[in-house]
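The file final-v7.cif comes next; it holds mmCIF, C-alpha atoms.
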data_data
#
loop_
_atom_site.label_atom_id
_atom_site.label_comp_id
_atom_site.auth_asym_id
_atom_site.auth_seq_id
_atom_site.Cartn_x
_atom_site.Cartn_y
_atom_site.Cartn_z
CA MET A 1 75.81 103.60 80.64
CA THR A 2 76.05 107.24 81.68
CA LEU A 3 74.08 110.10 80.28
CA ALA A 4 77.18 111.50 78.61
CA ALA A 5 77.74 108.24 76.73
CA SER A 6 74.20 108.15 75.33
CA PRO A 7 73.70 109.13 71.68
CA PRO A 8 72.68 112.79 71.44
CA PRO A 9 68.98 113.20 70.67
CA ILE A 10 67.84 115.25 67.74
CA ALA A 11 66.01 118.49 68.38
CA PRO A 12 62.46 118.08 69.73
CA GLN A 13 59.74 117.98 67.10
CA PRO A 14 56.77 119.87 68.61
CA LEU A 15 53.36 118.96 67.29
CA ALA A 16 50.22 121.03 67.45
CA PRO A 17 47.49 118.64 68.59
CA PRO A 18 44.07 120.00 69.48
CA ARG A 19 42.61 120.79 72.88
CA GLY A 20 45.82 121.70 74.63
CA GLU A 21 47.78 118.45 74.38
CA THR A 22 51.45 118.73 73.47
CA ARG A 23 53.75 116.03 72.11
CA ILE A 24 57.46 115.99 71.36
CA VAL A 25 59.54 113.18 69.86
CA LEU A 26 63.23 112.58 70.55
CA ALA A 27 65.51 110.20 68.63
CA PRO A 28 67.82 108.43 68.98
CA VAL A 29 67.32 107.74 72.69
CA SER A 30 69.07 104.81 74.34
CA TRP A 31 67.24 102.47 76.71
CA SER A 32 69.41 103.68 79.59
CA LEU A 33 68.51 107.31 78.88
CA TYR A 34 64.81 106.41 78.69
CA GLN A 35 65.08 104.71 82.09
CA GLN A 36 66.94 107.71 83.50
CA ILE A 37 64.19 110.06 82.32
CA LEU A 38 61.60 107.82 83.97
CA ARG A 39 63.50 107.92 87.26
CA GLU A 40 63.99 111.68 87.16
CA LEU A 41 60.33 112.36 86.40
CA GLY A 42 59.31 110.09 89.29
CA ASP A 43 56.09 108.22 90.05
CA ARG A 44 53.88 111.32 90.17
CA ARG A 45 54.80 112.65 86.76
CA SER A 46 52.15 114.35 84.66
CA LYS A 47 53.79 113.29 81.38
CA ARG A 48 53.12 110.14 79.35
CA LEU A 49 56.18 108.52 77.81
CA THR A 50 56.18 106.13 74.85
CA TYR A 51 59.39 104.33 73.86
CA ASP A 52 59.89 102.18 70.80
CA SER A 53 63.32 101.04 69.61
CA GLY A 54 65.18 104.30 70.17
CA ARG A 55 62.33 106.78 69.65
CA LEU A 56 60.79 108.54 72.64
CA GLU A 57 57.57 110.54 72.69
CA ILE A 58 56.75 112.79 75.65
CA MET A 59 53.11 113.82 75.87
CA SER A 60 51.53 116.39 78.20
CA PRO A 61 47.83 115.48 78.52
CA SER A 62 45.07 118.06 78.25
CA ASP A 63 42.34 118.61 80.82
CA LEU A 64 39.89 116.81 78.53
CA HIS A 65 42.26 113.84 78.29
CA GLU A 66 42.39 113.55 82.08
CA ASP A 67 38.63 114.05 82.39
CA VAL A 68 37.88 111.20 79.97
CA LYS A 69 40.29 108.76 81.59
CA THR A 70 39.04 109.58 85.10
CA VAL A 71 35.38 109.18 84.14
CA ALA A 72 36.18 105.85 82.48
CA ALA A 73 38.16 104.63 85.48
CA ARG A 74 35.47 105.58 87.99
CA LEU A 75 32.80 103.87 85.90
CA LEU A 76 34.74 100.64 85.47
CA GLU A 77 35.79 100.45 89.09
CA THR A 78 32.24 101.16 90.31
CA TYR A 79 30.83 98.57 87.93
CA ALA A 80 33.34 95.96 89.09
CA LEU A 81 32.60 96.73 92.74
CA LEU A 82 28.82 96.54 92.32
CA MET A 83 29.05 93.34 90.29
CA ARG A 84 31.58 91.84 92.71
CA ILE A 85 34.21 91.39 89.99
CA LYS A 86 37.72 91.26 91.39
CA VAL A 87 39.96 93.78 89.65
CA GLN A 88 43.34 95.23 90.50
CA GLY A 89 44.08 98.63 89.05
CA TYR A 90 47.59 99.89 88.39
CA GLY A 91 46.72 103.32 87.00
CA SER A 92 49.33 104.68 84.59
CA MET A 93 52.12 102.36 85.65
CA THR A 94 55.10 102.12 83.31
CA MET A 95 54.88 98.96 81.22
CA ASP A 96 58.28 98.33 79.69
CA ARG A 97 60.58 95.51 78.67
CA GLU A 98 64.20 96.01 77.78
CA ASP A 99 64.34 92.81 75.70
CA LEU A 100 61.64 94.28 73.43
CA GLU A 101 62.97 97.86 73.57
CA LYS A 102 59.43 99.05 74.16
CA GLY A 103 57.64 100.86 76.92
CA LEU A 104 54.61 103.05 77.58
CA GLU A 105 52.14 104.16 80.22
CA PRO A 106 48.44 103.50 79.71
CA ASP A 107 45.92 105.98 81.00
CA GLU A 108 44.58 103.23 83.26
CA CYS A 109 45.13 99.48 83.39
CA TYR A 110 43.50 96.57 85.18
CA TYR A 111 44.05 92.93 86.02
CA VAL A 112 40.78 91.03 85.74
CA GLN A 113 41.17 87.47 84.42
CA SER A 114 44.77 87.44 85.68
CA PHE A 115 43.87 88.80 89.12
CA ASP A 116 44.79 85.55 90.88
CA ARG A 117 48.17 85.43 89.12
CA LEU A 118 49.38 88.72 90.55
CA PRO A 119 52.56 88.48 92.64
CA ARG A 120 52.28 88.96 96.37
CA GLY A 121 54.89 90.83 98.32
CA ARG A 122 56.96 92.04 95.38
CA ARG A 123 56.73 94.43 92.47
CA LEU A 124 55.45 93.38 89.08
CA ASP A 125 57.99 92.19 86.53
CA LEU A 126 56.45 92.06 83.07
CA SER A 127 59.25 89.80 81.82
CA THR A 128 57.82 87.03 84.03
CA ASP A 129 54.43 88.24 85.29
CA PRO A 130 51.37 88.59 83.05
CA PRO A 131 50.61 92.03 81.60
CA PRO A 132 47.38 93.81 82.57
CA ASP A 133 44.28 92.30 80.99
CA LEU A 134 42.88 95.70 80.04
CA ALA A 135 44.46 99.03 79.15
CA ILE A 136 42.53 102.29 78.79
CA GLU A 137 43.96 104.44 75.99
CA VAL A 138 42.69 108.00 75.52
CA ASP A 139 43.79 109.55 72.21
CA ILE A 140 42.47 113.10 72.13
CA SER A 141 45.29 113.80 69.68
CA PRO A 142 46.97 111.11 67.54
CA PRO A 143 50.22 109.75 68.99
CA SER A 144 53.42 110.30 67.04
CA ILE A 145 54.65 106.82 67.95
CA ALA A 146 52.10 104.07 67.33
CA ARG A 147 51.08 102.60 70.67
CA GLN A 148 49.00 99.59 69.61
CA PRO A 149 52.07 97.65 68.37
CA ILE A 150 53.70 98.28 71.76
CA TYR A 151 50.66 96.98 73.64
CA ALA A 152 50.64 93.98 71.30
CA ALA A 153 54.35 93.28 71.86
CA LEU A 154 53.71 93.42 75.62
CA SER A 155 50.84 90.92 75.09
CA VAL A 156 48.10 93.09 76.56
CA PRO A 157 44.92 91.17 75.64
CA GLU A 158 42.50 94.10 75.46
CA VAL A 159 42.60 97.85 74.89
CA TRP A 160 39.69 100.26 75.22
CA LEU A 161 40.55 103.11 72.86
CA TYR A 162 38.96 106.56 73.05
CA ASP A 163 39.36 108.34 69.73
CA GLY A 164 38.04 111.76 70.77
CA ARG A 165 34.40 110.74 70.39
CA SER A 166 33.83 107.36 72.02
CA PHE A 167 35.51 104.19 73.25
CA ILE A 168 35.93 101.09 71.11
CA VAL A 169 37.01 97.65 72.31
CA LEU A 170 40.16 96.25 70.71
CA ARG A 171 41.18 92.66 71.36
CA ARG A 172 44.55 91.14 70.54
CA THR A 173 44.35 88.52 67.81
CA ALA A 174 46.47 85.41 67.27
CA ASP A 175 48.74 87.25 64.84
CA GLY A 176 49.63 89.87 67.47
CA ARG A 177 47.46 92.71 66.20
CA TYR A 178 44.28 94.34 67.48
CA ALA A 179 40.83 94.07 65.98
CA GLU A 180 37.66 95.84 67.04
CA ALA A 181 35.29 93.61 69.02
CA ARG A 182 31.63 93.98 69.87
CA GLN A 183 32.14 93.15 73.53
CA SER A 184 34.85 93.00 76.14
CA GLU A 185 36.28 89.77 77.50
CA CYS A 186 37.10 91.50 80.78
CA PHE A 187 33.56 92.86 81.27
CA PRO A 188 31.33 90.89 78.87
CA SER A 189 28.07 92.04 80.50
CA LEU A 190 28.88 95.73 80.05
CA PRO A 191 27.98 96.77 76.48
CA ILE A 192 30.40 99.33 75.12
CA ASP A 193 27.50 101.45 73.79
CA GLU A 194 26.09 101.77 77.30
CA PHE A 195 29.54 102.50 78.70
CA ASN A 196 29.94 105.30 76.16
CA ARG A 197 26.58 106.72 77.19
CA PHE A 198 27.75 106.89 80.79
CA VAL A 199 31.03 108.50 79.73
CA ARG A 200 29.14 111.18 77.77
CA ILE A 201 27.00 111.92 80.82
CA GLY A 202 30.15 112.31 82.88
CA LEU A 203 31.73 114.67 80.37
CA GLU A 204 28.62 116.75 79.69
CA SER A 205 27.39 116.88 83.29
CA ASN A 206 29.60 115.48 86.06
CA GLN A 207 31.10 112.24 87.31
CA PRO A 208 28.48 111.51 90.01
CA ALA A 209 25.77 111.79 87.35
CA ALA A 210 27.61 109.19 85.26
CA LEU A 211 27.80 106.82 88.22
CA GLU A 212 24.10 107.32 88.96
CA ALA A 213 23.27 106.50 85.33
CA LEU A 214 25.35 103.33 85.59
CA MET A 215 23.56 102.23 88.75
CA ASP A 216 20.13 103.05 87.28
CA TRP A 217 20.98 100.95 84.22
CA LEU A 218 22.05 98.02 86.38
CA ARG A 219 18.75 98.17 88.28
CA GLU A 220 16.71 98.48 85.08
CA THR A 221 18.44 95.47 83.54
CA GLN A 222 18.00 93.56 86.81
CA GLN A 223 21.68 92.93 87.21
CA GLN A 224 22.83 92.22 90.72
CA VAL A 225 23.71 95.40 92.56
CA ARG A 226 24.88 95.17 96.15
CA PRO A 227 25.26 98.09 98.56
CA LEU A 228 28.66 99.76 98.56
#
Target encoding structure tokens, full file:
Amino acid sequence: MTLAASPPPIAPQPLAPPRGETRIVLAPVSWSLYQQILRELGDRRSKRLTYDSGRLEIMSPSDLHEDVKTVAARLLETYALLMRIKVQGYGSMTMDREDLEKGLEPDECYYVQSFDRLPRGRRLDLSTDPPPDLAIEVDISPPSIARQPIYAALSVPEVWLYDGRSFIVLRRTADGRYAEARQSECFPSLPIDEFNRFVRIGLESNQPAALEALMDWLRETQQQVRPL
């Protein structure tokens, strides 16, 4: 289907979220137009797109948004490395399925339990390959299109949600929804309260200080830390 044949979108609906983030919603947007926008923006785009059954949100993240997601990613990846946990990160890869008419980009995502099921020598196909085990979702401002139902439809088992103050662990339940959990299945030995403490250090001081706090905590709790 060509761009000209796509239903014309309504005028953008600008929101006024705090801290510099901007969001617009377009509707109706066909799947083919959504895919065309993804291609035109390219792999290095600074926007986050959320698509759900004809509605498209385009979000421009704030500096704080990017700071939080980068601190979280560095902490998790350092923790996994020190604890010798095999993880495969896919950053903000587009997770979409045409059969579900849903798609989004997490702030970060990781394969942990499904690490050994990753395809070799070809690109991921979420219609046949497992979704990431963990998605990092930073919501400095509330999304206009609900993202948890999209993660649930894509069968992502776990989401770590930052609500502007701290992260909470959400795990997918049998009925296809998310419920807050006290600990992560991906990283069960990393308490979310401690993780949030390290994130706060990173935001209030700097990222190396957050990593040092993580390593100090691992030594104090006598968890196995091996040299990098």
Legend entry - Nearest candidate to Gly164 of chain A (options A:Ile140, A:Leu118, A:Leu203, A:Leu134; using all atoms listed in the file): A:Ile140
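Between Ala153 of chain A and the candidates A:Asp99, A:Glu220, A:Glu212, A:Asp63, the tightest atom-to-atom separation, counting all atoms listed in the file, involves A:Asp99.
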Inset, instruction - Go through A:Ile145, A:Leu75, A:Ile136, A:Val156 and flag the residue nearest Ile24 of chain A, using all atoms listed in the file for the distances. - result: A:Ile145
Legend entry - Distance criterion (all atoms listed in the file): nearest to Phe195 of chain A out of A:Gln222, A:Thr94, A:Thr78, A:Ser32: A:Thr78
Legend entry - For Leu76 of chain A: contacts at 12 Å, all atoms listed in the file, fewer than 3 positions along chain excluded, given as a PyMOL selection string: chain A and resi 69-73+79-89+108-110+112+134-136+160+186-187+189-192+194-196+198-199+210-211+214-215
Legend entry - A:Asp52, A:Glu137, A:Asp67, A:Asp96 ranked by distance to Leu124 of chain A, top pick (using only C-alpha atoms): A:Asp96
Who sits within 10 Å of Gly103 of chain A, all atoms listed in the file, same chain under 5 positions skipped, as a tab-separated table (two decimals) with C-alpha atoms, keeping the file's coordinate frame:
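Saved as out-v9.tsv:
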chain	number	residue	atom	x	y	z
A	31	TRP	CA	67.24	102.47	76.71
A	34	TYR	CA	64.81	106.41	78.69
A	35	GLN	CA	65.08	104.71	82.09
A	49	LEU	CA	56.18	108.52	77.81
A	50	THR	CA	56.18	106.13	74.85
A	51	TYR	CA	59.39	104.33	73.86
A	52	ASP	CA	59.89	102.18	70.80
A	53	SER	CA	63.32	101.04	69.61
A	56	LEU	CA	60.79	108.54	72.64
A	94	THR	CA	55.10	102.12	83.31
A	95	MET	CA	54.88	98.96	81.22
A	96	ASP	CA	58.28	98.33	79.69
A	97	ARG	CA	60.58	95.51	78.67
A	98	GLU	CA	64.20	96.01	77.78
A	147	ARG	CA	51.08	102.60	70.67
A	150	ILE	CA	53.70	98.28	71.76
A	151	TYR	CA	50.66	96.98	73.64
A	153	ALA	CA	54.35	93.28	71.86
A	154	LEU	CA	53.71	93.42	75.62
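Ranking A:Ser60, A:Arg74, A:Asp116, A:Gln148 by their shortest atom-to-atom distance to Pro208 of chain A, with all atoms listed in the file included, puts A:Arg74 first.
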Legend entry - Atom-to-atom span, atom CA of Glu57 of chain A and atom CA of Leu38 of chain A, Å: 12.3 Å
Legend entry - Test item: residues at most 9 Å from Met93 of chain A, all atoms listed in the file, excluding those fewer than 5 positions along its chain, as a list of chain:residue names: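 Answer for this query is A:Asp43, A:Leu104, A:Glu105, A:Pro106, A:Asp107, A:Glu108, A:Cys109.
The gap separating atom CA of Glu21 of chain A from atom CA of Ser141 of chain A is 7.1 Å, in Å to one decimal.
The space separating atom CA of Val159 of chain A from atom CA of Tyr111 of chain A comes to 12.3 Å.
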Mind giving me the axis-aligned box for segment 112-115 of chain A with 6 Å on every side, centre plus edges in Å to one decimal, as lines of an AutoDock Vina configuration file?
center_x = 42.8
center_y = 89.2
center_z = 86.8
size_x = 16.0
size_y = 15.6
size_z = 16.7
